[in-house]
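Shown next, in structure tokens, is the structure this report addresses.
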Amino acid sequence: MQLGVNVPNFGPGTDPGVLRAWARVVSGLGFDLLMVSDHVAVTPDVAERYPERFYDPFTTLSWLAGFSDGGLRLGTTVLVLPYRHPLLVARMASNLQEFSGGQFVLGVGVGWARQEFDALGVPFGARGRLTDEYLGVVREAWRAEDAAAPAVWVGGHSAAAVRRAVRFGDAWHPLRLPVARMRSVLADNALPGFAPRIALRQTDAPVREAERPAGVGDLEQIVSDLAELRALGAETVVLDPYHGDPAQTRRPEAAWRMLAAVTEQWRTGQ
């Protein structure tokens with residue numbers, strides 16, 4: 001099972017130098033995949049969680065691909081697909097697939113920020129239908145142009161999102177769920193693959209919440225979650241060390257220490 005990291009490409013502490021430092025840390029710790037998130041218009045509902053500055057994922061990953069030796073996969077977790085014309089997404093994704101040496105993952109989702117949809121002139125209520133339509137267009141564009149096609153991970157855990165992953169995806173990519181919730185979905189659906197993104201929040205003592213999200217707890221719990229996800233068939237697990245506080249982006253060293261502790265413990269138990 002491969003491990004990835006969702007790197008903050010936003011916030012008051014993030015700049016090109018910090019993004020390069022993140023890439024060095026992720027690669028140096030032996031992670032397989034570096035992923036970034038997506039917002040286009042940082043409207044008030046977005047800024048509350050993910051404030052400016054917010055670097056475009058395609059631009060950021062293209063830039064980081066230039067510093068990579070090809071050993072680190074790159075991806076989006078997740079691109080809000082209805083925000084961009086699907087032919088543009090198809091072209092940018094296939095370009096990144098080439099720039100990264102065939103190591104790009106296109107994670108996609110429907111989005112949640114109503115004000116951002118309004119700012120972009122995209123109907124919020126149609127976002128699910130548009131995502132399905134656009135995925136079909138993207139897939140057809142790659143086939144028609146014989147373009148380099150990256151892996152497509154479909155985010156979300158609603159019934160519609162699961163159907164979308166089955167129809168269009170190479171993997172289901174749920175975000176920040178308890179292990180039991182993911183196990184239930186996997187038991188009830190024949191999914192093409194499984195590549196979850198989980199939280200990474202290490203605590204001093206075990207967390208006893210009934211609905212504890214995977215990746216939240218002491219080191220033993222986090223490593224146990226990884227082992228359970230591997231047993232469920234996860235090909236890749238993406239760790240997300242951002243907990244919603246923009247000030248965290250000014251102090252990435254804390255996240256780096258957590259990532260180092262988890263990878264060391266995980267490798268020791270293999």
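For the structure tokens, the naming scheme is as follows: chains receive sequential letters (A, B, ...) according to their order of presentation, residues are indexed from 1 within each chain, and ligands are indexed from 1 in presentation order.
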Would you write out, as a Markdown table, a table of all residues in stretch 91-180 of chain A that have an atom no more than 10 Å from an atom of stretch 219-235 of chain A, listing for each the closest atom pair and the distance in Å to one decimal, considering only C-alpha atoms and ordering rows by chain and rising residue number?
| residue | atom | partner | partner_atom | distance |
| --- | --- | --- | --- | --- |
| A:Ala171 | CA | A:Glu235 | CA | 8.9 |
| A:Trp172 | CA | A:Ala234 | CA | 9.6 |
| A:His173 | CA | A:Ala234 | CA | 9.9 |
| A:Pro178 | CA | A:Asp225 | CA | 9.2 |
| A:Val179 | CA | A:Asp225 | CA | 7.1 |
| A:Ala180 | CA | A:Glu228 | CA | 9.8 |
Dump as an mmCIF file, in the first residue's frame, selection limited to N, CA and C atoms:
data_model
loop_
_atom_site.group_PDB
_atom_site.id
_atom_site.type_symbol
_atom_site.label_atom_id
_atom_site.label_comp_id
_atom_site.auth_asym_id
_atom_site.auth_seq_id
_atom_site.Cartn_x
_atom_site.Cartn_y
_atom_site.Cartn_z
ATOM 1 N N ALA A 171 -10.706 4.682 -8.940
ATOM 2 C CA ALA A 171 -10.748 4.410 -7.508
ATOM 3 C C ALA A 171 -11.768 5.328 -6.852
ATOM 4 N N TRP A 172 -12.354 4.833 -5.764
ATOM 5 C CA TRP A 172 -13.177 5.650 -4.876
ATOM 6 C C TRP A 172 -12.252 6.349 -3.896
ATOM 7 N N HIS A 173 -12.473 7.666 -3.705
ATOM 8 C CA HIS A 173 -11.549 8.490 -2.919
ATOM 9 C C HIS A 173 -12.331 9.222 -1.826
ATOM 10 N N PRO A 178 -14.708 7.666 9.148
ATOM 11 C CA PRO A 178 -14.317 6.561 10.031
ATOM 12 C C PRO A 178 -14.096 5.285 9.221
ATOM 13 N N VAL A 179 -13.244 4.410 9.719
ATOM 14 C CA VAL A 179 -12.978 3.161 9.015
ATOM 15 C C VAL A 179 -14.263 2.363 8.824
ATOM 16 N N ALA A 180 -15.134 2.345 9.834
ATOM 17 C CA ALA A 180 -16.363 1.553 9.739
ATOM 18 C C ALA A 180 -17.256 2.022 8.597
#
Can you pull out the residues contacting stretch 256-264 of chain A? Cut-off 9 Å, using only C-alpha atoms, and skip same-chain residues under 3 positions away; I want them as a list in words.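 Once the nearby chain positions are removed, what remains is Leu3, Val5, Trp22, Val25, Val26, Leu29, Gly30, Phe31, Leu200, Arg201, Gln202, Leu219, Ile222, Val223, Leu239, Pro241, Pro252, Glu253, Arg267, Thr268 and Gly269 of chain A.
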Can I get the selection written as an mmCIF file, in the first residue's frame, with N, CA and C atoms?
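Below you can see selection-v7.cif, which holds the result:
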data_model
loop_
_atom_site.group_PDB
_atom_site.id
_atom_site.type_symbol
_atom_site.label_atom_id
_atom_site.label_comp_id
_atom_site.auth_asym_id
_atom_site.auth_seq_id
_atom_site.Cartn_x
_atom_site.Cartn_y
_atom_site.Cartn_z
ATOM 1 N N LEU A 3 1.560 5.422 0.401
ATOM 2 C CA LEU A 3 1.111 6.505 1.262
ATOM 3 C C LEU A 3 1.353 7.839 0.568
ATOM 4 N N VAL A 5 0.432 12.394 0.837
ATOM 5 C CA VAL A 5 0.205 13.529 1.730
ATOM 6 C C VAL A 5 -0.573 14.596 0.981
ATOM 7 N N TRP A 22 7.780 21.539 1.461
ATOM 8 C CA TRP A 22 6.843 20.425 1.628
ATOM 9 C C TRP A 22 7.210 19.278 0.687
ATOM 10 N N VAL A 25 10.192 17.417 1.966
ATOM 11 C CA VAL A 25 9.874 16.597 3.138
ATOM 12 C C VAL A 25 9.092 15.350 2.727
ATOM 13 N N VAL A 26 8.064 15.534 1.915
ATOM 14 C CA VAL A 26 7.235 14.406 1.488
ATOM 15 C C VAL A 26 8.081 13.360 0.769
ATOM 16 N N LEU A 29 10.781 11.696 3.245
ATOM 17 C CA LEU A 29 10.241 10.730 4.194
ATOM 18 C C LEU A 29 9.786 9.442 3.510
ATOM 19 N N GLY A 30 9.883 9.397 2.195
ATOM 20 C CA GLY A 30 9.554 8.178 1.469
ATOM 21 C C GLY A 30 8.108 8.038 1.066
ATOM 22 N N PHE A 31 7.347 9.133 1.119
ATOM 23 C CA PHE A 31 5.962 9.057 0.648
ATOM 24 C C PHE A 31 5.941 8.892 -0.870
ATOM 25 N N LEU A 200 -4.886 13.392 9.587
ATOM 26 C CA LEU A 200 -3.703 13.045 10.372
ATOM 27 C C LEU A 200 -3.645 14.027 11.535
ATOM 28 N N ARG A 201 -4.156 13.557 12.676
ATOM 29 C CA ARG A 201 -4.121 14.387 13.888
ATOM 30 C C ARG A 201 -3.744 13.494 15.058
ATOM 31 N N GLN A 202 -2.470 13.568 15.412
ATOM 32 C CA GLN A 202 -1.943 12.703 16.458
ATOM 33 C C GLN A 202 -2.203 13.310 17.832
ATOM 34 N N LEU A 219 -0.585 7.455 18.225
ATOM 35 C CA LEU A 219 0.185 6.860 17.136
ATOM 36 C C LEU A 219 -0.250 5.422 16.866
ATOM 37 N N ILE A 222 -3.466 5.453 14.821
ATOM 38 C CA ILE A 222 -3.253 5.870 13.428
ATOM 39 C C ILE A 222 -2.664 4.723 12.612
ATOM 40 N N VAL A 223 -1.661 4.065 13.161
ATOM 41 C CA VAL A 223 -1.036 2.958 12.440
ATOM 42 C C VAL A 223 -2.011 1.791 12.299
ATOM 43 N N LEU A 239 -2.667 11.036 3.642
ATOM 44 C CA LEU A 239 -2.749 11.640 4.970
ATOM 45 C C LEU A 239 -2.923 13.143 4.837
ATOM 46 N N PRO A 241 -2.760 16.446 7.031
ATOM 47 C CA PRO A 241 -2.393 16.997 8.339
ATOM 48 C C PRO A 241 -3.016 18.351 8.655
ATOM 49 N N PRO A 252 4.573 24.641 9.495
ATOM 50 C CA PRO A 252 4.469 23.299 8.898
ATOM 51 C C PRO A 252 5.314 22.250 9.610
ATOM 52 N N GLU A 253 6.271 22.702 10.433
ATOM 53 C CA GLU A 253 7.162 21.735 11.087
ATOM 54 C C GLU A 253 6.392 20.754 11.965
ATOM 55 N N ARG A 267 6.549 1.700 9.023
ATOM 56 C CA ARG A 267 7.588 0.851 8.443
ATOM 57 C C ARG A 267 8.104 -0.163 9.458
ATOM 58 N N THR A 268 8.187 0.232 10.716
ATOM 59 C CA THR A 268 8.675 -0.672 11.755
ATOM 60 C C THR A 268 7.764 -1.892 11.885
ATOM 61 N N GLY A 269 6.468 -1.674 11.690
ATOM 62 C CA GLY A 269 5.508 -2.769 11.852
ATOM 63 C C GLY A 269 5.330 -3.626 10.637
#
7 Å contact set for A:Val80, only C-alpha atoms, chain neighbours under 6 positions out, as a PyMOL selection string: chain A and resi 38+108-111
Selected residues written out with C-alpha atoms, as a PDB file, in the first residue's frame:
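Dumped to selection39.pdb:
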ATOM      1  CA  ASP A  38      -8.715  23.215  -5.306  1.00  0.00           C
ATOM      2  CA  VAL A 108     -12.284  14.994  -8.637  1.00  0.00           C
ATOM      3  CA  GLY A 109     -15.360  16.007  -6.673  1.00  0.00           C
ATOM      4  CA  VAL A 110     -18.583  17.963  -6.997  1.00  0.00           C
ATOM      5  CA  GLY A 111     -17.705  20.803  -4.571  1.00  0.00           C
TER       6      GLY A 111
END
Go through A:Arg176, A:Arg208, A:His157, A:Arg91 and flag the residue nearest A:Asp240, using only C-alpha atoms for the distances.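 Counting only C-alpha atoms, the residue closest to A:Asp240 is A:Arg176.
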Skip A:Gly17 itself and residues of its chain fewer than 6 positions away, then list as a list of chain:residue names all residues within 12 Å of it, counting only C-alpha atoms.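 The neighbour list is A:Asn9, A:Ala23, A:Arg24, A:Thr60, A:Trp63, A:Leu64.
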Considering only C-alpha atoms, return as a ChimeraX atom specification whatever protein or nucleic-acid residues lie within 12 Å of A:Gly66, sequence-local ones (same chain, fewer than 2 positions apart) excluded. /A:20,23,59-64,68-70,72,74,96,98-101
